[in-house]
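Student: For reference, this is work32.pdb, and it has PDB, C-alpha atoms.
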MODEL        1
ATOM      1  CA  MET A   1      37.000  69.377  -1.242
ATOM      2  CA  TRP A   2      40.138  69.490  -3.356
ATOM      3  CA  SER A   3      42.080  67.768  -0.556
ATOM      4  CA  ASN A   4      39.650  64.831  -0.765
ATOM      5  CA  GLY A   5      40.316  64.657  -4.495
ATOM      6  CA  ILE A   6      44.074  64.689  -3.975
ATOM      7  CA  GLY A   7      43.701  61.957  -1.352
ATOM      8  CA  VAL A   8      41.678  59.765  -3.715
ATOM      9  CA  VAL A   9      44.167  60.276  -6.552
ATOM     10  CA  LEU A  10      47.117  59.419  -4.296
ATOM     11  CA  GLY A  11      45.179  56.439  -2.955
ATOM     12  CA  PHE A  12      44.500  55.279  -6.502
ATOM     13  CA  ILE A  13      48.219  55.460  -7.274
ATOM     14  CA  LEU A  14      49.053  53.558  -4.081
ATOM     15  CA  ALA A  15      46.355  50.935  -4.673
ATOM     16  CA  ASN A  16      47.720  50.260  -8.148
ATOM     17  CA  TRP A  17      51.259  50.189  -6.783
ATOM     18  CA  VAL A  18      50.321  47.370  -4.362
ATOM     19  CA  HIS A  19      48.370  45.639  -7.171
ATOM     20  CA  LYS A  20      45.022  45.992  -5.384
ATOM     21  CA  PRO A  21      43.113  48.677  -7.333
ATOM     22  CA  GLN A  22      39.847  47.671  -5.632
ATOM     23  CA  LEU A  23      41.106  49.369  -2.433
ATOM     24  CA  VAL A  24      40.485  52.748  -4.046
ATOM     25  CA  ALA A  25      36.745  52.113  -3.624
ATOM     26  CA  ILE A  26      37.210  52.530   0.140
ATOM     27  CA  LEU A  27      38.896  55.879  -0.388
ATOM     28  CA  ILE A  28      36.210  57.078  -2.789
ATOM     29  CA  GLY A  29      33.555  56.018  -0.277
ATOM     30  CA  ALA A  30      35.341  57.871   2.525
ATOM     31  CA  ALA A  31      35.689  61.021   0.405
ATOM     32  CA  LEU A  32      31.997  60.905  -0.517
ATOM     33  CA  LEU A  33      30.978  60.343   3.096
ATOM     34  CA  ASN A  34      33.182  63.250   4.180
ATOM     35  CA  TYR A  35      31.602  65.504   1.552
ATOM     36  CA  MET A  36      28.054  64.402   2.433
ATOM     37  CA  TYR A  37      28.778  65.012   6.116
ATOM     38  CA  SER A  38      30.068  68.533   5.559
ATOM     39  CA  ALA A  39      27.296  69.404   3.097
ATOM     40  CA  ASN A  40      24.274  68.019   4.874
ATOM     41  CA  LEU A  41      24.514  65.050   7.256
ATOM     42  CA  LYS A  42      25.920  66.951  10.244
ATOM     43  CA  LYS A  43      22.513  68.554  10.732
ATOM     44  CA  TYR A  44      20.683  65.338  11.595
ATOM     45  CA  LEU A  45      20.202  63.283  14.717
ATOM     46  CA  LEU A  46      23.227  60.998  15.270
ATOM     47  CA  ILE A  47      23.875  60.541  11.526
ATOM     48  CA  GLY A  48      26.610  63.177  11.435
ATOM     49  CA  ASN A  49      28.133  61.858  14.650
ATOM     50  CA  LEU A  50      28.190  58.313  13.258
ATOM     51  CA  CYS A  51      29.765  59.534  10.007
ATOM     52  CA  VAL A  52      32.620  61.207  11.855
ATOM     53  CA  ALA A  53      33.111  58.134  14.049
ATOM     54  CA  LEU A  54      33.139  55.863  10.998
ATOM     55  CA  LEU A  55      35.706  58.036   9.220
ATOM     56  CA  VAL A  56      37.976  58.007  12.277
ATOM     57  CA  GLY A  57      37.718  54.216  12.527
ATOM     58  CA  LEU A  58      38.465  53.943   8.835
ATOM     59  CA  ALA A  59      41.572  56.072   9.299
ATOM     60  CA  VAL A  60      42.860  53.431  11.730
ATOM     61  CA  LEU A  61      42.027  50.584   9.325
ATOM     62  CA  ILE A  62      43.170  52.008   6.003
ATOM     63  CA  VAL A  63      46.923  51.710   6.504
ATOM     64  CA  PRO A  64      46.821  48.041   7.580
ATOM     65  CA  LEU A  65      44.506  47.302   4.660
ATOM     66  CA  PHE A  66      47.040  48.718   2.239
ATOM     67  CA  GLU A  67      49.949  47.041   4.068
ATOM     68  CA  LEU A  68      48.558  43.627   4.982
ATOM     69  CA  TYR A  69      45.916  42.839   2.394
ATOM     70  CA  PRO A  70      48.305  42.779  -0.599
ATOM     71  CA  THR A  71      50.673  40.374   1.185
ATOM     72  CA  VAL A  72      48.115  37.732   2.214
ATOM     73  CA  ASN A  73      48.775  34.231   0.950
ATOM     74  CA  LYS A  74      47.909  30.727   2.159
ATOM     75  CA  ASN A  75      51.017  30.561   4.363
ATOM     76  CA  ASN A  76      50.317  33.712   6.379
ATOM     77  CA  GLN A  77      46.557  34.023   6.125
ATOM     78  CA  ALA A  78      45.883  33.059   9.767
ATOM     79  CA  LEU A  79      48.465  35.520  11.107
ATOM     80  CA  HIS A  80      47.150  38.345   8.938
ATOM     81  CA  LEU A  81      43.595  37.619  10.047
ATOM     82  CA  LEU A  82      44.666  37.803  13.682
ATOM     83  CA  LEU A  83      46.465  41.107  13.070
ATOM     84  CA  LEU A  84      43.440  42.546  11.277
ATOM     85  CA  LYS A  85      41.166  41.482  14.159
ATOM     86  CA  VAL A  86      43.400  43.308  16.661
ATOM     87  CA  ILE A  87      43.556  46.397  14.448
ATOM     88  CA  PHE A  88      39.786  46.240  13.946
ATOM     89  CA  ASP A  89      39.368  46.316  17.745
ATOM     90  CA  TYR A  90      41.481  49.495  17.880
ATOM     91  CA  ALA A  91      39.396  50.986  15.081
ATOM     92  CA  LEU A  92      36.193  50.106  16.935
ATOM     93  CA  PHE A  93      37.570  51.742  20.080
ATOM     94  CA  ALA A  94      38.464  54.849  18.061
ATOM     95  CA  MET A  95      34.932  54.928  16.632
ATOM     96  CA  ILE A  96      33.261  54.617  20.033
ATOM     97  CA  THR A  97      35.415  57.267  21.702
ATOM     98  CA  THR A  98      34.900  59.595  18.737
ATOM     99  CA  LEU A  99      31.138  59.099  18.923
ATOM    100  CA  ILE A 100      31.246  59.993  22.621
ATOM    101  CA  ARG A 101      33.367  63.062  21.845
ATOM    102  CA  GLU A 102      30.927  64.143  19.129
ATOM    103  CA  LEU A 103      27.981  63.846  21.523
ATOM    104  CA  ILE A 104      29.833  65.893  24.140
ATOM    105  CA  LYS A 105      30.615  68.498  21.482
ATOM    106  CA  ASP A 106      26.902  68.603  20.560
ATOM    107  CA  LEU A 107      26.067  69.211  24.217
ATOM    108  CA  GLN A 108      28.564  72.087  24.315
ATOM    109  CA  ASP A 109      27.201  73.589  21.081
ATOM    110  CA  LEU A 110      23.552  73.327  22.115
ATOM    111  CA  LYS A 111      22.729  77.052  21.948
ATOM    112  CA  GLY A 112      24.280  77.567  18.529
ATOM    113  CA  ASP A 113      22.710  74.382  17.159
ATOM    114  CA  ARG A 114      19.279  75.577  18.333
ATOM    115  CA  LEU A 115      19.805  78.910  16.586
ATOM    116  CA  MET A 116      20.808  77.051  13.392
ATOM    117  CA  ARG A 117      17.763  74.736  13.809
ATOM    118  CA  LEU A 118      19.879  71.583  13.654
ATOM    119  CA  GLN A 119      18.492  68.232  14.758
ATOM    120  CA  THR A 120      21.334  67.119  17.035
ATOM    121  CA  ALA A 121      20.943  64.596  19.848
ATOM    122  CA  PRO A 122      20.642  67.129  22.711
ATOM    123  CA  ILE A 123      17.954  69.053  20.828
ATOM    124  CA  VAL A 124      15.875  66.035  19.766
ATOM    125  CA  LEU A 125      16.455  63.689  22.704
ATOM    126  CA  GLY A 126      17.227  66.195  25.422
ATOM    127  CA  ILE A 127      20.326  66.764  27.503
ATOM    128  CA  PHE A 128      19.678  63.932  29.972
ATOM    129  CA  LYS A 129      19.141  61.224  27.340
ATOM    130  CA  THR A 130      22.153  62.415  25.363
ATOM    131  CA  LYS A 131      24.280  62.131  28.501
ATOM    132  CA  LEU A 132      22.949  58.601  29.029
ATOM    133  CA  ILE A 133      24.011  57.624  25.516
TER     134      ILE A 133
ENDMDL
END
Before we go any further, please render this structure as structure tokens.

Tutor:
Amino acid sequence: MWSNGIGVVLGFILANWVHKPQLVAILIGAALLNYMYSANLKKYLLIGNLCVALLVGLAVLIVPLFELYPTVNKNNQALHLLLLKVIFDYALFAMITTLIRELIKDLQDLKGDRLMRLQTAPIVLGIFKTKLI
């Protein structure tokens, strides 16, 4: 948990350095989502998997947001939008592949998850439906 706090503090410093303090809201949201996942959300059907996938996609997007967003002006707005669209596609790909990896991991951890009485996709939906997803 302390590493999340350090990350938010460093992000706050960086956001102020690039004169976009509103970017720290993304980092606070990510830290809260990470904490909520580790504390509780990983137990529930697909919610934990989606949280992890979202955090991975955000990791791909955060650097371009801090690099490109502060430099946008009327002269380069179209180019920056194009770059952000391409980067967003990579982030979406990272999210989808992470979601698939998380579902595979849930399939591998089926016995332990049953013992812990978690509500993961293979337990709630069954192995076949989880594989279809």

Student: Might you pull out every residue within 12 Å of Leu46 in chain A, with all atoms listed in the file counted and same-chain residues fewer than 5 positions away left off, and present them as a list in words?

Tutor: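 The residues satisfying every condition are Tyr37, Leu41, Cys51, Val52, Ala53, Leu54, Leu99, Ile100, Glu102, Leu103, Asp106, Leu118, Gln119, Thr120, Ala121, Pro122, Ile123, Val124, Leu125, Thr130 and Ile133 of chain A.
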
Student: Do a neighbour search on range 20-30 of chain A at 7 Å with all atoms listed in the file, toss out local chain neighbours closer than 2 positions, and write the hits as a list in words.

Tutor: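 Using all atoms listed in the file, the neighbours found are Val8, Gly11, Phe12, Ala15, Asn16, Val18, Leu32, Leu33, Asn34, Leu55 and Pro70 of chain A.
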
Student: The residues within 12 Å of (46.8, 38.5, 9.4), using only C-alpha atoms and the coordinates of the file, should be reported as a list in words; which are they?

Tutor: Pro64, Leu65, Glu67, Leu68, Tyr69, Pro70, Thr71, Val72, Asn73, Lys74, Asn75, Asn76, Gln77, Ala78, Leu79, His80, Leu81, Leu82, Leu83, Leu84, Lys85, Val86, Ile87 and Phe88 of chain A

Student: Quick one: everything within 8 Å of range 57-61 of chain A, counting all atoms listed in the file, minus sequence neighbours fewer than 6 positions away in the same chain. Send it as an NGL selection string.

Tutor: :A and (87-88 or 90-95)

Student: Take every atom of range 90-95 of chain A listed in the file, pad by 5 Å on each side, and give me the axis-aligned box centre and edge lengths in Å, one decimal, as JSON.

Tutor:
{"center_x": 38.2, "center_y": 52.2, "center_z": 17.6, "size_x": 16.5, "size_y": 15.4, "size_z": 15.0}

Student: Suppose you want the space between CA of Gly7 in chain A and CA of Tyr44 in chain A; what is it in Å?

Tutor: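 Separation between CA of Gly7 in chain A and CA of Tyr44 in chain A: 26.6 Å.
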
Student: For His19 in chain A, which of A:Asn40, A:Thr97, A:Ile6, A:Phe66 is the closest residue, counting only C-alpha atoms?

Tutor: A:Phe66

Student: Can you measure CA of Lys111 in chain A to CA of Ile47 in chain A for me? One decimal in Å is fine.

Tutor: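 Answer for the CA of Lys111 in chain A to CA of Ile47 in chain A separation: 19.6 Å.
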
Student: Can you measure CA of Gly48 in chain A to CA of Gly112 in chain A for me? One decimal in Å is fine.

Tutor: 16.2 Å

Student: Point out the residue among A:Lys129, A:Val56, A:Leu115, A:Trp2 with the least atom-to-atom distance to Arg101 in chain A, counting only C-alpha atoms.

Tutor: A:Val56

Student: Where atoms are missing, can you supply N, CA and C atoms for range 79-101 of chain A and output the lot as a JSON list (two decimals), in the frame of the given file?

Tutor:
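As a result, part_17.json now contains:
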[["chain", "number", "residue", "atom", "x", "y", "z"],
["A", 79, "LEU", "N", 47.79, 34.44, 10.39],
["A", 79, "LEU", "CA", 48.46, 35.52, 11.11],
["A", 79, "LEU", "C", 47.90, 36.88, 10.69],
["A", 80, "HIS", "N", 47.70, 37.07, 9.42],
["A", 80, "HIS", "CA", 47.15, 38.34, 8.94],
["A", 80, "HIS", "C", 45.74, 38.55, 9.46],
["A", 81, "LEU", "N", 44.95, 37.50, 9.52],
["A", 81, "LEU", "CA", 43.60, 37.62, 10.05],
["A", 81, "LEU", "C", 43.62, 38.02, 11.52],
["A", 82, "LEU", "N", 44.52, 37.44, 12.28],
["A", 82, "LEU", "CA", 44.67, 37.80, 13.68],
["A", 82, "LEU", "C", 45.07, 39.27, 13.82],
["A", 83, "LEU", "N", 46.04, 39.70, 13.03],
["A", 83, "LEU", "CA", 46.46, 41.11, 13.07],
["A", 83, "LEU", "C", 45.33, 42.05, 12.70],
["A", 84, "LEU", "N", 44.57, 41.70, 11.68],
["A", 84, "LEU", "CA", 43.44, 42.55, 11.28],
["A", 84, "LEU", "C", 42.36, 42.59, 12.35],
["A", 85, "LYS", "N", 42.15, 41.48, 13.06],
["A", 85, "LYS", "CA", 41.17, 41.48, 14.16],
["A", 85, "LYS", "C", 41.60, 42.43, 15.28],
["A", 86, "VAL", "N", 42.88, 42.41, 15.62],
["A", 86, "VAL", "CA", 43.40, 43.31, 16.66],
["A", 86, "VAL", "C", 43.27, 44.76, 16.21],
["A", 87, "ILE", "N", 43.64, 45.03, 14.98],
["A", 87, "ILE", "CA", 43.56, 46.40, 14.45],
["A", 87, "ILE", "C", 42.10, 46.84, 14.36],
["A", 88, "PHE", "N", 41.21, 45.91, 13.99],
["A", 88, "PHE", "CA", 39.79, 46.24, 13.95],
["A", 88, "PHE", "C", 39.28, 46.64, 15.33],
["A", 89, "ASP", "N", 39.76, 45.95, 16.38],
["A", 89, "ASP", "CA", 39.37, 46.32, 17.74],
["A", 89, "ASP", "C", 39.81, 47.74, 18.08],
["A", 90, "TYR", "N", 41.02, 48.12, 17.67],
["A", 90, "TYR", "CA", 41.48, 49.50, 17.88],
["A", 90, "TYR", "C", 40.60, 50.48, 17.10],
["A", 91, "ALA", "N", 40.25, 50.12, 15.89],
["A", 91, "ALA", "CA", 39.40, 50.99, 15.08],
["A", 91, "ALA", "C", 38.02, 51.14, 15.73],
["A", 92, "LEU", "N", 37.49, 50.06, 16.25],
["A", 92, "LEU", "CA", 36.19, 50.11, 16.93],
["A", 92, "LEU", "C", 36.27, 51.00, 18.17],
["A", 93, "PHE", "N", 37.36, 50.88, 18.92],
["A", 93, "PHE", "CA", 37.57, 51.74, 20.08],
["A", 93, "PHE", "C", 37.65, 53.21, 19.65],
["A", 94, "ALA", "N", 38.36, 53.48, 18.57],
["A", 94, "ALA", "CA", 38.46, 54.85, 18.06],
["A", 94, "ALA", "C", 37.09, 55.37, 17.65],
["A", 95, "MET", "N", 36.28, 54.52, 17.04],
["A", 95, "MET", "CA", 34.93, 54.93, 16.63],
["A", 95, "MET", "C", 34.07, 55.26, 17.84],
["A", 96, "ILE", "N", 34.11, 54.41, 18.85],
["A", 96, "ILE", "CA", 33.26, 54.62, 20.03],
["A", 96, "ILE", "C", 33.67, 55.88, 20.78],
["A", 97, "THR", "N", 34.98, 56.06, 20.99],
["A", 97, "THR", "CA", 35.42, 57.27, 21.70],
["A", 97, "THR", "C", 35.13, 58.53, 20.89],
["A", 98, "THR", "N", 35.22, 58.44, 19.58],
["A", 98, "THR", "CA", 34.90, 59.60, 18.74],
["A", 98, "THR", "C", 33.41, 59.91, 18.81],
["A", 99, "LEU", "N", 32.58, 58.88, 18.80],
["A", 99, "LEU", "CA", 31.14, 59.10, 18.92],
["A", 99, "LEU", "C", 30.81, 59.79, 20.25],
["A", 100, "ILE", "N", 31.45, 59.35, 21.32],
["A", 100, "ILE", "CA", 31.25, 59.99, 22.62],
["A", 100, "ILE", "C", 31.70, 61.45, 22.57],
["A", 101, "ARG", "N", 32.86, 61.69, 21.96],
["A", 101, "ARG", "CA", 33.37, 63.06, 21.84],
["A", 101, "ARG", "C", 32.42, 63.94, 21.03]]
